[in-house]
>>> print(open('my_file_29.cif').read())   # mmCIF, C-alpha atoms and all ligand atoms
data_data
#
loop_
_atom_site.group_PDB
_atom_site.id
_atom_site.type_symbol
_atom_site.label_atom_id
_atom_site.label_comp_id
_atom_site.auth_asym_id
_atom_site.auth_seq_id
_atom_site.Cartn_x
_atom_site.Cartn_y
_atom_site.Cartn_z
ATOM 1 C CA MET M 1 40.434 21.934 19.864
ATOM 2 C CA ILE M 2 40.876 23.197 16.305
ATOM 3 C CA GLU M 3 40.052 26.539 14.688
ATOM 4 C CA ASN M 4 36.984 26.919 12.440
ATOM 5 C CA ASP M 5 38.982 27.165 9.260
ATOM 6 C CA ASN M 6 40.573 23.881 10.274
ATOM 7 C CA THR M 7 37.256 22.082 10.329
ATOM 8 C CA ILE M 8 37.638 18.546 9.021
ATOM 9 C CA ILE M 9 35.222 18.141 6.125
ATOM 10 C CA LEU M 10 34.522 14.775 4.564
ATOM 11 C CA ILE M 11 33.478 14.713 0.920
ATOM 12 C CA GLY M 12 32.896 11.904 -1.548
ATOM 13 C CA PHE M 13 30.248 9.983 -3.423
ATOM 14 C CA MET M 14 27.164 8.424 -1.804
ATOM 15 C CA GLY M 15 28.073 5.293 0.130
ATOM 16 C CA SER M 16 31.730 6.189 0.678
ATOM 17 C CA GLY M 17 31.369 6.185 4.481
ATOM 18 C CA LYS M 18 31.495 9.916 5.233
ATOM 19 C CA THR M 19 29.041 9.764 8.131
ATOM 20 C CA THR M 20 30.528 6.632 9.706
ATOM 21 C CA ILE M 21 34.101 7.893 9.492
ATOM 22 C CA GLY M 22 33.234 11.447 10.524
ATOM 23 C CA ASN M 23 31.353 10.266 13.566
ATOM 24 C CA TYR M 24 34.097 7.828 14.553
ATOM 25 C CA PHE M 25 36.852 10.399 14.092
ATOM 26 C CA ALA M 26 34.991 13.025 16.112
ATOM 27 C CA GLN M 27 34.240 10.628 18.976
ATOM 28 C CA LYS M 28 37.834 9.416 19.186
ATOM 29 C CA GLN M 29 39.219 12.949 19.089
ATOM 30 C CA ASP M 30 36.508 14.457 21.285
ATOM 31 C CA LEU M 31 35.441 16.877 18.562
ATOM 32 C CA THR M 32 31.960 18.082 17.609
ATOM 33 C CA PHE M 33 30.427 16.355 14.608
ATOM 34 C CA VAL M 34 27.554 17.041 12.233
ATOM 35 C CA ASP M 35 26.151 15.206 9.250
ATOM 36 C CA LEU M 36 25.082 17.996 6.892
ATOM 37 C CA ASP M 37 22.087 16.067 5.479
ATOM 38 C CA GLN M 38 20.763 15.421 8.985
ATOM 39 C CA TYR M 39 21.347 19.068 9.909
ATOM 40 C CA ILE M 40 19.341 20.196 6.851
ATOM 41 C CA GLU M 41 16.524 17.809 7.755
ATOM 42 C CA ARG M 42 16.415 19.150 11.320
ATOM 43 C CA GLN M 43 16.495 22.824 10.275
ATOM 44 C CA GLU M 44 13.860 22.394 7.576
ATOM 45 C CA SER M 45 11.747 19.810 9.450
ATOM 46 C CA LYS M 46 11.620 17.808 6.221
ATOM 47 C CA THR M 47 13.367 14.706 4.945
ATOM 48 C CA ILE M 48 15.795 14.926 2.018
ATOM 49 C CA PRO M 49 13.403 12.993 -0.280
ATOM 50 C CA ASN M 50 10.596 15.405 0.684
ATOM 51 C CA ILE M 51 12.755 18.427 -0.161
ATOM 52 C CA PHE M 52 13.679 16.879 -3.540
ATOM 53 C CA ASN M 53 10.045 16.003 -4.286
ATOM 54 C CA GLU M 54 8.482 19.267 -3.188
ATOM 55 C CA TYR M 55 11.079 21.829 -4.298
ATOM 56 C CA GLY M 56 13.513 20.026 -6.594
ATOM 57 C CA GLU M 57 17.239 19.334 -6.467
ATOM 58 C CA GLN M 58 18.318 22.923 -7.190
ATOM 59 C CA TYR M 59 16.549 24.153 -4.078
ATOM 60 C CA PHE M 60 18.188 21.380 -2.042
ATOM 61 C CA ARG M 61 21.591 22.557 -3.349
ATOM 62 C CA GLN M 62 20.857 26.091 -2.112
ATOM 63 C CA LEU M 63 19.993 24.762 1.339
ATOM 64 C CA GLU M 64 23.095 22.591 1.331
ATOM 65 C CA SER M 65 25.300 25.562 0.596
ATOM 66 C CA LYS M 66 23.618 27.825 3.174
ATOM 67 C CA TYR M 67 23.834 25.215 5.942
ATOM 68 C CA LEU M 68 27.387 24.230 5.019
ATOM 69 C CA GLN M 69 28.495 27.739 5.909
ATOM 70 C CA GLU M 70 26.611 27.561 9.201
ATOM 71 C CA CYS M 71 28.078 24.156 10.046
ATOM 72 C CA ILE M 72 31.649 25.239 9.276
ATOM 73 C CA SER M 73 31.314 27.919 11.942
ATOM 74 C CA LYS M 74 29.681 25.584 14.476
ATOM 75 C CA TYR M 75 31.285 22.155 14.170
ATOM 76 C CA GLU M 76 34.761 20.636 14.050
ATOM 77 C CA VAL M 77 34.015 17.622 11.847
ATOM 78 C CA ILE M 78 31.438 17.647 9.023
ATOM 79 C CA ALA M 79 30.178 14.826 6.792
ATOM 80 C CA THR M 80 28.773 16.411 3.624
ATOM 81 C CA GLY M 81 26.343 14.934 1.062
ATOM 82 C CA GLY M 82 27.817 13.383 -2.082
ATOM 83 C CA GLY M 83 26.450 16.156 -4.291
ATOM 84 C CA ILE M 84 27.942 19.059 -2.330
ATOM 85 C CA VAL M 85 30.260 19.786 -5.284
ATOM 86 C CA GLU M 86 27.257 20.388 -7.565
ATOM 87 C CA SER M 87 26.709 23.890 -6.212
ATOM 88 C CA GLU M 88 29.203 26.605 -7.176
ATOM 89 C CA ASP M 89 28.724 28.357 -3.870
ATOM 90 C CA ALA M 90 29.417 25.266 -1.736
ATOM 91 C CA PHE M 91 32.340 24.411 -4.003
ATOM 92 C CA LYS M 92 33.883 27.853 -3.414
ATOM 93 C CA GLN M 93 33.408 27.536 0.343
ATOM 94 C CA LEU M 94 35.087 24.146 0.354
ATOM 95 C CA LYS M 95 37.965 25.373 -1.762
ATOM 96 C CA LYS M 96 38.888 27.765 1.030
ATOM 97 C CA GLN M 97 39.009 25.032 3.664
ATOM 98 C CA LYS M 98 42.251 23.259 4.599
ATOM 99 C CA TYR M 99 41.055 19.829 5.660
ATOM 100 C CA VAL M 100 38.733 18.616 2.967
ATOM 101 C CA ILE M 101 39.120 14.838 3.003
ATOM 102 C CA TRP M 102 37.843 12.813 0.053
ATOM 103 C CA LEU M 103 36.597 9.310 0.789
ATOM 104 C CA ASP M 104 36.497 7.299 -2.394
ATOM 105 C CA GLY M 105 35.635 3.741 -3.347
ATOM 106 C CA ASN M 106 35.068 1.426 -6.259
ATOM 107 C CA ILE M 107 31.872 2.522 -8.015
ATOM 108 C CA LYS M 108 30.414 -1.003 -7.988
ATOM 109 C CA THR M 109 30.857 -1.174 -4.206
ATOM 110 C CA LEU M 110 29.291 2.275 -3.779
ATOM 111 C CA TYR M 111 26.457 1.304 -6.126
ATOM 112 C CA ASP M 112 25.709 -1.861 -4.117
ATOM 113 C CA ARG M 113 25.622 0.160 -0.902
ATOM 114 C CA VAL M 114 23.216 2.869 -2.041
ATOM 115 C CA ILE M 115 21.137 1.641 -4.953
ATOM 116 C CA ASN M 116 17.425 2.220 -4.413
ATOM 117 C CA ASP M 117 17.936 3.533 -0.880
ATOM 118 C CA PRO M 118 14.621 5.368 -0.379
ATOM 119 C CA HIS M 119 16.459 8.058 1.566
ATOM 120 C CA ARG M 120 18.750 8.893 -1.393
ATOM 121 C CA PRO M 121 16.756 10.363 -4.317
ATOM 122 C CA ASN M 122 19.790 10.375 -6.627
ATOM 123 C CA ALA M 123 20.285 6.642 -6.122
ATOM 124 C CA GLN M 124 16.716 5.749 -7.067
ATOM 125 C CA ASN M 125 16.035 3.701 -10.211
ATOM 126 C CA LYS M 126 19.590 4.046 -11.490
ATOM 127 C CA THR M 127 21.614 1.521 -13.434
ATOM 128 C CA LEU M 128 25.263 1.020 -12.573
ATOM 129 C CA GLU M 129 26.148 2.943 -15.728
ATOM 130 C CA GLN M 130 23.953 5.905 -14.763
ATOM 131 C CA LEU M 131 25.394 6.060 -11.269
ATOM 132 C CA ASN M 132 28.888 5.750 -12.717
ATOM 133 C CA ASN M 133 28.138 8.724 -15.003
ATOM 134 C CA LEU M 134 27.115 10.801 -11.987
ATOM 135 C CA TYR M 135 30.245 9.680 -10.119
ATOM 136 C CA SER M 136 32.454 10.558 -13.112
ATOM 137 C CA SER M 137 30.845 13.978 -13.491
ATOM 138 C CA ARG M 138 31.847 14.781 -9.884
ATOM 139 C CA TYR M 139 35.259 13.131 -9.777
ATOM 140 C CA LEU M 140 37.364 16.103 -10.858
ATOM 141 C CA ARG M 141 35.419 18.440 -8.581
ATOM 142 C CA TYR M 142 36.163 16.266 -5.537
ATOM 143 C CA ASN M 143 39.764 16.074 -6.656
ATOM 144 C CA GLU M 144 40.100 19.845 -7.031
ATOM 145 C CA ILE M 145 39.111 20.661 -3.461
ATOM 146 C CA ALA M 146 40.489 17.645 -1.591
ATOM 147 C CA PHE M 147 43.512 17.934 0.705
ATOM 148 C CA THR M 148 43.838 14.169 0.426
ATOM 149 C CA LYS M 149 41.963 11.105 -0.798
ATOM 150 C CA LEU M 150 41.416 7.867 1.114
ATOM 151 C CA GLN M 151 40.212 4.673 -0.530
ATOM 152 C CA SER M 152 37.554 3.941 2.067
ATOM 153 C CA ASP M 153 36.230 0.656 0.675
ATOM 154 C CA LEU M 154 39.548 -1.140 1.140
ATOM 155 C CA LEU M 155 40.084 -0.233 4.784
ATOM 156 C CA THR M 156 38.270 -0.693 8.086
ATOM 157 C CA THR M 157 36.884 2.317 9.935
ATOM 158 C CA SER M 158 39.733 2.252 12.461
ATOM 159 C CA GLU M 159 42.335 1.980 9.673
ATOM 160 C CA ILE M 160 40.839 5.014 7.934
ATOM 161 C CA TYR M 161 40.775 6.822 11.269
ATOM 162 C CA ASN M 162 44.488 6.140 11.803
ATOM 163 C CA GLU M 163 45.421 7.210 8.279
ATOM 164 C CA LEU M 164 43.398 10.372 8.611
ATOM 165 C CA LEU M 165 44.873 11.230 11.980
ATOM 166 C CA ASN M 166 48.419 10.693 10.732
ATOM 167 C CA LEU M 167 47.790 12.860 7.682
ATOM 168 C CA ILE M 168 46.336 15.675 9.722
ATOM 169 C CA LYS M 169 49.003 15.454 12.409
ATOM 170 C CA ALA M 170 51.672 15.614 9.718
ATOM 171 C CA THR M 171 50.571 19.135 8.855
ATOM 172 C CA ASP M 172 51.629 22.001 11.101
ATOM 173 C CA GLN M 173 48.058 23.270 11.610
ATOM 174 C CA TYR M 174 46.730 20.672 14.009
HETATM 175 C C1 LIG M 201 23.193 13.222 -2.710
HETATM 176 C C2 LIG M 201 23.800 12.570 -1.672
HETATM 177 C C3 LIG M 201 23.176 12.414 -0.349
HETATM 178 C C4 LIG M 201 22.203 13.569 -0.075
HETATM 179 C C5 LIG M 201 21.235 13.722 -1.192
HETATM 180 C C6 LIG M 201 21.901 13.956 -2.544
HETATM 181 C C7 LIG M 201 23.845 13.236 -4.044
HETATM 182 O O1 LIG M 201 24.174 12.343 0.675
HETATM 183 O O2 LIG M 201 22.888 14.767 0.147
HETATM 184 O O3 LIG M 201 20.437 12.551 -1.233
HETATM 185 O O4 LIG M 201 23.346 13.929 -4.956
HETATM 186 O O5 LIG M 201 24.875 12.548 -4.194
HETATM 187 P P1 LIG M 201 25.090 11.025 0.938
HETATM 188 O O6 LIG M 201 26.339 11.194 0.126
HETATM 189 O O7 LIG M 201 25.373 11.084 2.392
HETATM 190 O O8 LIG M 201 24.296 9.839 0.541
#
>>> encode(input="my_file_29.cif", output="structure tokens")
Amino acid sequence: MIENDNTIILIGFMGSGKTTIGNYFAQKQDLTFVDLDQYIERQESKTIPNIFNEYGEQYFRQLESKYLQECISKYEVIATGGGIVESEDAFKQLKKQKYVIWLDGNIKTLYDRVINDPHRPNAQNKTLEQLNNLYSSRYLRYNEIAFTKLQSDLLTTSEIYNELLNLIKATDQY
């Protein structure tokens, strides 16, 4: 069991495997897990595309930040959405957390995984160059808050799990 401020928070661009890895890690370690996007959808009784369409991205960012705070106090492992670093408030919350883990991957691989996914409004009708621009605009923000970065597209889920566990165990907090 870990303390709230030791919540393991996965960040990174769309398609980097945050939900898969978070879920796997939590199951293996017997920790509670939440996917922030799914939590927002449950709380608001609306899908992410509906929220974007009806209220716009800025409103979604406010919800994301509000529910991030709630999830940090309730869960031990959190998979965030790729745009969590867009909101100043969420960014500040994440900066205070110890175990912010950045899953990264080659942009072409991420592009192939998410392009035109109807559930991801920011991956709709984008060229590789446009998605790369979005990725680049977030890169330094991920970097600033991350405790560590894992190249998730080059490793299997269990390899990432082992790397993550070793990194966390190597700190004196766990
Ligand atoms: C977004 C990423 C999505 C989701 C929303 C916006 C983004 O999460 O939060 O569609 O702007 O990058 P995933 O990273 O899980 O796809």
>>> axis_aligned_box(input="my_file_29.cif", around="ligand LIG 201 (chain M)", padding_each_side="3 Å", output="lines of an AutoDock Vina configuration file")
center_x = 23.4
center_y = 12.3
center_z = -1.3
size_x = 11.9
size_y = 10.9
size_z = 13.3
>>> residues_around(input="my_file_29.cif", residues="Tyr161 (chain M)", least_positions_apart="6", cutoff="9 Å", atoms="all atoms listed in the file", output="PyMOL selection string")
chain M and resi 21-22+24-25+28
>>> residues_near_ligand(input="my_file_29.cif", ligand="ligand LIG 201 (chain M)", cutoff="6 Å", atoms="all atoms listed in the file", output="number ranges by chain")
M: 13-15, 37, 81-83, 120-122
>>> residues_near_point(input="my_file_29.cif", point="(35.4, 18.0, 16.9)", cutoff="9 Å", atoms="all atoms listed in the file", output="list of chain:residue names")
M:Met1, M:Ile2, M:Thr7, M:Ile8, M:Phe25, M:Ala26, M:Gln27, M:Gln29, M:Asp30, M:Leu31, M:Thr32, M:Phe33, M:Tyr75, M:Glu76, M:Val77, M:Ile78
>>> closest_residue(input="my_file_29.cif", among="M:Ala146, M:Leu110, M:Ile72, M:Ile101", to="Leu165 (chain M)", atoms="only C-alpha atoms")
M:Ile101
>>> atom_distance(input="my_file_29.cif", atom1="CA of Gln38 (chain M)", atom2="CA of Glu57 (chain M)")
16.3 Å
>>> residues_near_point(input="my_file_29.cif", point="(28.0, 23.1, -5.3)", cutoff="12 Å", atoms="only C-alpha atoms", output="PyMOL selection string")
chain M and resi 11+57-66+68+80-95+138+141-142+145
>>> atom_distance(input="my_file_29.cif", atom1="CA of Tyr139 (chain M)", atom2="CA of Thr19 (chain M)")
19.3 Å
>>> closest_residue(input="my_file_29.cif", among="M:Ser158, M:Ala79, M:Tyr67, M:Leu36", to="Leu103 (chain M)", atoms="only C-alpha atoms")
M:Ala79
>>> atom_distance(input="my_file_29.cif", atom1="CA of Ser137 (chain M)", atom2="CA of Tyr99 (chain M)")
22.5 Å
>>> residues_around(input="my_file_29.cif", residues="Tyr111 (chain M)", least_positions_apart="4", cutoff="7 Å", atoms="only C-alpha atoms", output="PyMOL selection string")
chain M and resi 107+115+128
>>> write_last_selection(input="my_file_29.cif", atoms="C-alpha atoms", output="CSV table (one decimal), keeping the file's coordinate frame")
chain,number,residue,atom,x,y,z
M,107,ILE,CA,31.9,2.5,-8.0
M,115,ILE,CA,21.1,1.6,-5.0
M,128,LEU,CA,25.3,1.0,-12.6
>>> closest_residue(input="my_file_29.cif", among="M:Ile9, M:Ile51, M:Lys18, M:His119", to="Cys71 (chain M)", atoms="only C-alpha atoms")
M:Ile9
>>> closest_residue(input="my_file_29.cif", among="M:Lys108, M:Asn6, M:Pro118, M:Gly56", to="Ser73 (chain M)", atoms="only C-alpha atoms")
M:Asn6
>>> resolve_selection(input="my_file_29.cif", expression="the PyMOL selection byres (((chain M and resi 153) around 9) and not hetatm)", output="list of chain:residue names")
M:Ser16, M:Gly17, M:Leu103, M:Asp104, M:Gly105, M:Asn106, M:Thr109, M:Leu110, M:Leu150, M:Gln151, M:Ser152, M:Leu154, M:Leu155, M:Thr156
>>> decode(input="my_file_29.cif", residues="region 158-170 of chain M", atoms="all heavy atoms", output="PDB file, in the first residue's frame")
ATOM      1  N   SER M 158       5.101  -6.479 -20.186  1.00  0.00           N
ATOM      2  CA  SER M 158       5.751  -7.015 -18.983  1.00  0.00           C
ATOM      3  C   SER M 158       7.162  -6.443 -18.820  1.00  0.00           C
ATOM      4  O   SER M 158       7.626  -6.265 -17.689  1.00  0.00           O
ATOM      5  CB  SER M 158       5.739  -8.541 -18.961  1.00  0.00           C
ATOM      6  OG  SER M 158       6.610  -9.049 -19.910  1.00  0.00           O
ATOM      7  N   GLU M 159       7.824  -6.110 -19.920  1.00  0.00           N
ATOM      8  CA  GLU M 159       9.149  -5.466 -19.799  1.00  0.00           C
ATOM      9  C   GLU M 159       9.005  -4.066 -19.193  1.00  0.00           C
ATOM     10  O   GLU M 159       9.795  -3.663 -18.342  1.00  0.00           O
ATOM     11  CB  GLU M 159       9.824  -5.369 -21.171  1.00  0.00           C
ATOM     12  CG  GLU M 159      10.405  -6.683 -21.662  1.00  0.00           C
ATOM     13  CD  GLU M 159      10.842  -6.655 -23.129  1.00  0.00           C
ATOM     14  OE1 GLU M 159      10.387  -5.786 -23.901  1.00  0.00           O
ATOM     15  OE2 GLU M 159      11.637  -7.527 -23.511  1.00  0.00           O
ATOM     16  N   ILE M 160       7.996  -3.335 -19.641  1.00  0.00           N
ATOM     17  CA  ILE M 160       7.775  -1.992 -19.087  1.00  0.00           C
ATOM     18  C   ILE M 160       7.429  -2.101 -17.598  1.00  0.00           C
ATOM     19  O   ILE M 160       7.926  -1.342 -16.767  1.00  0.00           O
ATOM     20  CB  ILE M 160       6.657  -1.245 -19.851  1.00  0.00           C
ATOM     21  CG1 ILE M 160       7.067  -1.049 -21.309  1.00  0.00           C
ATOM     22  CG2 ILE M 160       6.366   0.116 -19.209  1.00  0.00           C
ATOM     23  CD1 ILE M 160       5.956  -0.543 -22.201  1.00  0.00           C
ATOM     24  N   TYR M 161       6.596  -3.089 -17.295  1.00  0.00           N
ATOM     25  CA  TYR M 161       6.220  -3.324 -15.893  1.00  0.00           C
ATOM     26  C   TYR M 161       7.473  -3.537 -15.041  1.00  0.00           C
ATOM     27  O   TYR M 161       7.630  -2.927 -13.974  1.00  0.00           O
ATOM     28  CB  TYR M 161       5.281  -4.537 -15.812  1.00  0.00           C
ATOM     29  CG  TYR M 161       5.136  -5.092 -14.430  1.00  0.00           C
ATOM     30  CD1 TYR M 161       4.333  -4.440 -13.486  1.00  0.00           C
ATOM     31  CD2 TYR M 161       5.799  -6.261 -14.045  1.00  0.00           C
ATOM     32  CE1 TYR M 161       4.214  -4.936 -12.200  1.00  0.00           C
ATOM     33  CE2 TYR M 161       5.679  -6.761 -12.764  1.00  0.00           C
ATOM     34  CZ  TYR M 161       4.892  -6.098 -11.849  1.00  0.00           C
ATOM     35  OH  TYR M 161       4.774  -6.585 -10.574  1.00  0.00           O
ATOM     36  N   ASN M 162       8.366  -4.398 -15.504  1.00  0.00           N
ATOM     37  CA  ASN M 162       9.583  -4.695 -14.731  1.00  0.00           C
ATOM     38  C   ASN M 162      10.468  -3.467 -14.576  1.00  0.00           C
ATOM     39  O   ASN M 162      10.982  -3.196 -13.490  1.00  0.00           O
ATOM     40  CB  ASN M 162      10.381  -5.826 -15.404  1.00  0.00           C
ATOM     41  CG  ASN M 162       9.726  -7.167 -15.164  1.00  0.00           C
ATOM     42  OD1 ASN M 162       9.121  -7.393 -14.121  1.00  0.00           O
ATOM     43  ND2 ASN M 162       9.807  -8.046 -16.148  1.00  0.00           N
ATOM     44  N   GLU M 163      10.604  -2.708 -15.649  1.00  0.00           N
ATOM     45  CA  GLU M 163      11.436  -1.490 -15.584  1.00  0.00           C
ATOM     46  C   GLU M 163      10.847  -0.502 -14.586  1.00  0.00           C
ATOM     47  O   GLU M 163      11.550   0.090 -13.778  1.00  0.00           O
ATOM     48  CB  GLU M 163      11.490  -0.818 -16.956  1.00  0.00           C
ATOM     49  CG  GLU M 163      12.469  -1.484 -17.877  1.00  0.00           C
ATOM     50  CD  GLU M 163      13.195  -0.477 -18.778  1.00  0.00           C
ATOM     51  OE1 GLU M 163      13.242   0.733 -18.441  1.00  0.00           O
ATOM     52  OE2 GLU M 163      13.719  -0.908 -19.804  1.00  0.00           O
ATOM     53  N   LEU M 164       9.542  -0.357 -14.674  1.00  0.00           N
ATOM     54  CA  LEU M 164       8.844   0.586 -13.803  1.00  0.00           C
ATOM     55  C   LEU M 164       8.982   0.175 -12.338  1.00  0.00           C
ATOM     56  O   LEU M 164       9.295   0.994 -11.468  1.00  0.00           O
ATOM     57  CB  LEU M 164       7.371   0.597 -14.232  1.00  0.00           C
ATOM     58  CG  LEU M 164       6.496   1.724 -13.784  1.00  0.00           C
ATOM     59  CD1 LEU M 164       7.152   3.052 -14.075  1.00  0.00           C
ATOM     60  CD2 LEU M 164       5.149   1.644 -14.521  1.00  0.00           C
ATOM     61  N   LEU M 165       8.787  -1.103 -12.097  1.00  0.00           N
ATOM     62  CA  LEU M 165       8.877  -1.603 -10.726  1.00  0.00           C
ATOM     63  C   LEU M 165      10.279  -1.396 -10.168  1.00  0.00           C
ATOM     64  O   LEU M 165      10.452  -0.933  -9.036  1.00  0.00           O
ATOM     65  CB  LEU M 165       8.496  -3.090 -10.715  1.00  0.00           C
ATOM     66  CG  LEU M 165       8.249  -3.693  -9.341  1.00  0.00           C
ATOM     67  CD1 LEU M 165       7.116  -2.960  -8.633  1.00  0.00           C
ATOM     68  CD2 LEU M 165       7.898  -5.166  -9.479  1.00  0.00           C
ATOM     69  N   ASN M 166      11.291  -1.694 -10.979  1.00  0.00           N
ATOM     70  CA  ASN M 166      12.668  -1.517 -10.522  1.00  0.00           C
ATOM     71  C   ASN M 166      12.970  -0.056 -10.221  1.00  0.00           C
ATOM     72  O   ASN M 166      13.610   0.264  -9.218  1.00  0.00           O
ATOM     73  CB  ASN M 166      13.650  -2.048 -11.570  1.00  0.00           C
ATOM     74  CG  ASN M 166      13.631  -3.559 -11.618  1.00  0.00           C
ATOM     75  OD1 ASN M 166      13.230  -4.204 -10.639  1.00  0.00           O
ATOM     76  ND2 ASN M 166      14.022  -4.132 -12.746  1.00  0.00           N
ATOM     77  N   LEU M 167      12.477   0.828 -11.085  1.00  0.00           N
ATOM     78  CA  LEU M 167      12.710   2.261 -10.871  1.00  0.00           C
ATOM     79  C   LEU M 167      12.067   2.738  -9.574  1.00  0.00           C
ATOM     80  O   LEU M 167      12.666   3.470  -8.786  1.00  0.00           O
ATOM     81  CB  LEU M 167      12.100   3.061 -12.028  1.00  0.00           C
ATOM     82  CG  LEU M 167      12.947   3.201 -13.268  1.00  0.00           C
ATOM     83  CD1 LEU M 167      12.100   3.655 -14.439  1.00  0.00           C
ATOM     84  CD2 LEU M 167      14.061   4.208 -13.016  1.00  0.00           C
ATOM     85  N   ILE M 168      10.845   2.302  -9.369  1.00  0.00           N
ATOM     86  CA  ILE M 168      10.124   2.748  -8.174  1.00  0.00           C
ATOM     87  C   ILE M 168      10.715   2.153  -6.908  1.00  0.00           C
ATOM     88  O   ILE M 168      10.880   2.823  -5.907  1.00  0.00           O
ATOM     89  CB  ILE M 168       8.622   2.453  -8.322  1.00  0.00           C
ATOM     90  CG1 ILE M 168       8.031   3.350  -9.421  1.00  0.00           C
ATOM     91  CG2 ILE M 168       7.874   2.677  -7.014  1.00  0.00           C
ATOM     92  CD1 ILE M 168       6.621   3.053  -9.796  1.00  0.00           C
ATOM     93  N   LYS M 169      11.093   0.879  -7.010  1.00  0.00           N
ATOM     94  CA  LYS M 169      11.697   0.206  -5.841  1.00  0.00           C
ATOM     95  C   LYS M 169      13.036   0.835  -5.478  1.00  0.00           C
ATOM     96  O   LYS M 169      13.466   0.797  -4.330  1.00  0.00           O
ATOM     97  CB  LYS M 169      11.878  -1.271  -6.125  1.00  0.00           C
ATOM     98  CG  LYS M 169      10.636  -2.087  -5.837  1.00  0.00           C
ATOM     99  CD  LYS M 169      10.956  -3.552  -5.986  1.00  0.00           C
ATOM    100  CE  LYS M 169       9.791  -4.412  -5.536  1.00  0.00           C
ATOM    101  NZ  LYS M 169       9.953  -5.802  -5.990  1.00  0.00           N
ATOM    102  N   ALA M 170      13.713   1.372  -6.492  1.00  0.00           N
ATOM    103  CA  ALA M 170      15.040   1.951  -6.258  1.00  0.00           C
ATOM    104  C   ALA M 170      14.958   3.250  -5.457  1.00  0.00           C
ATOM    105  O   ALA M 170      15.961   3.730  -4.938  1.00  0.00           O
ATOM    106  CB  ALA M 170      15.731   2.213  -7.592  1.00  0.00           C
TER     107      ALA M 170
END
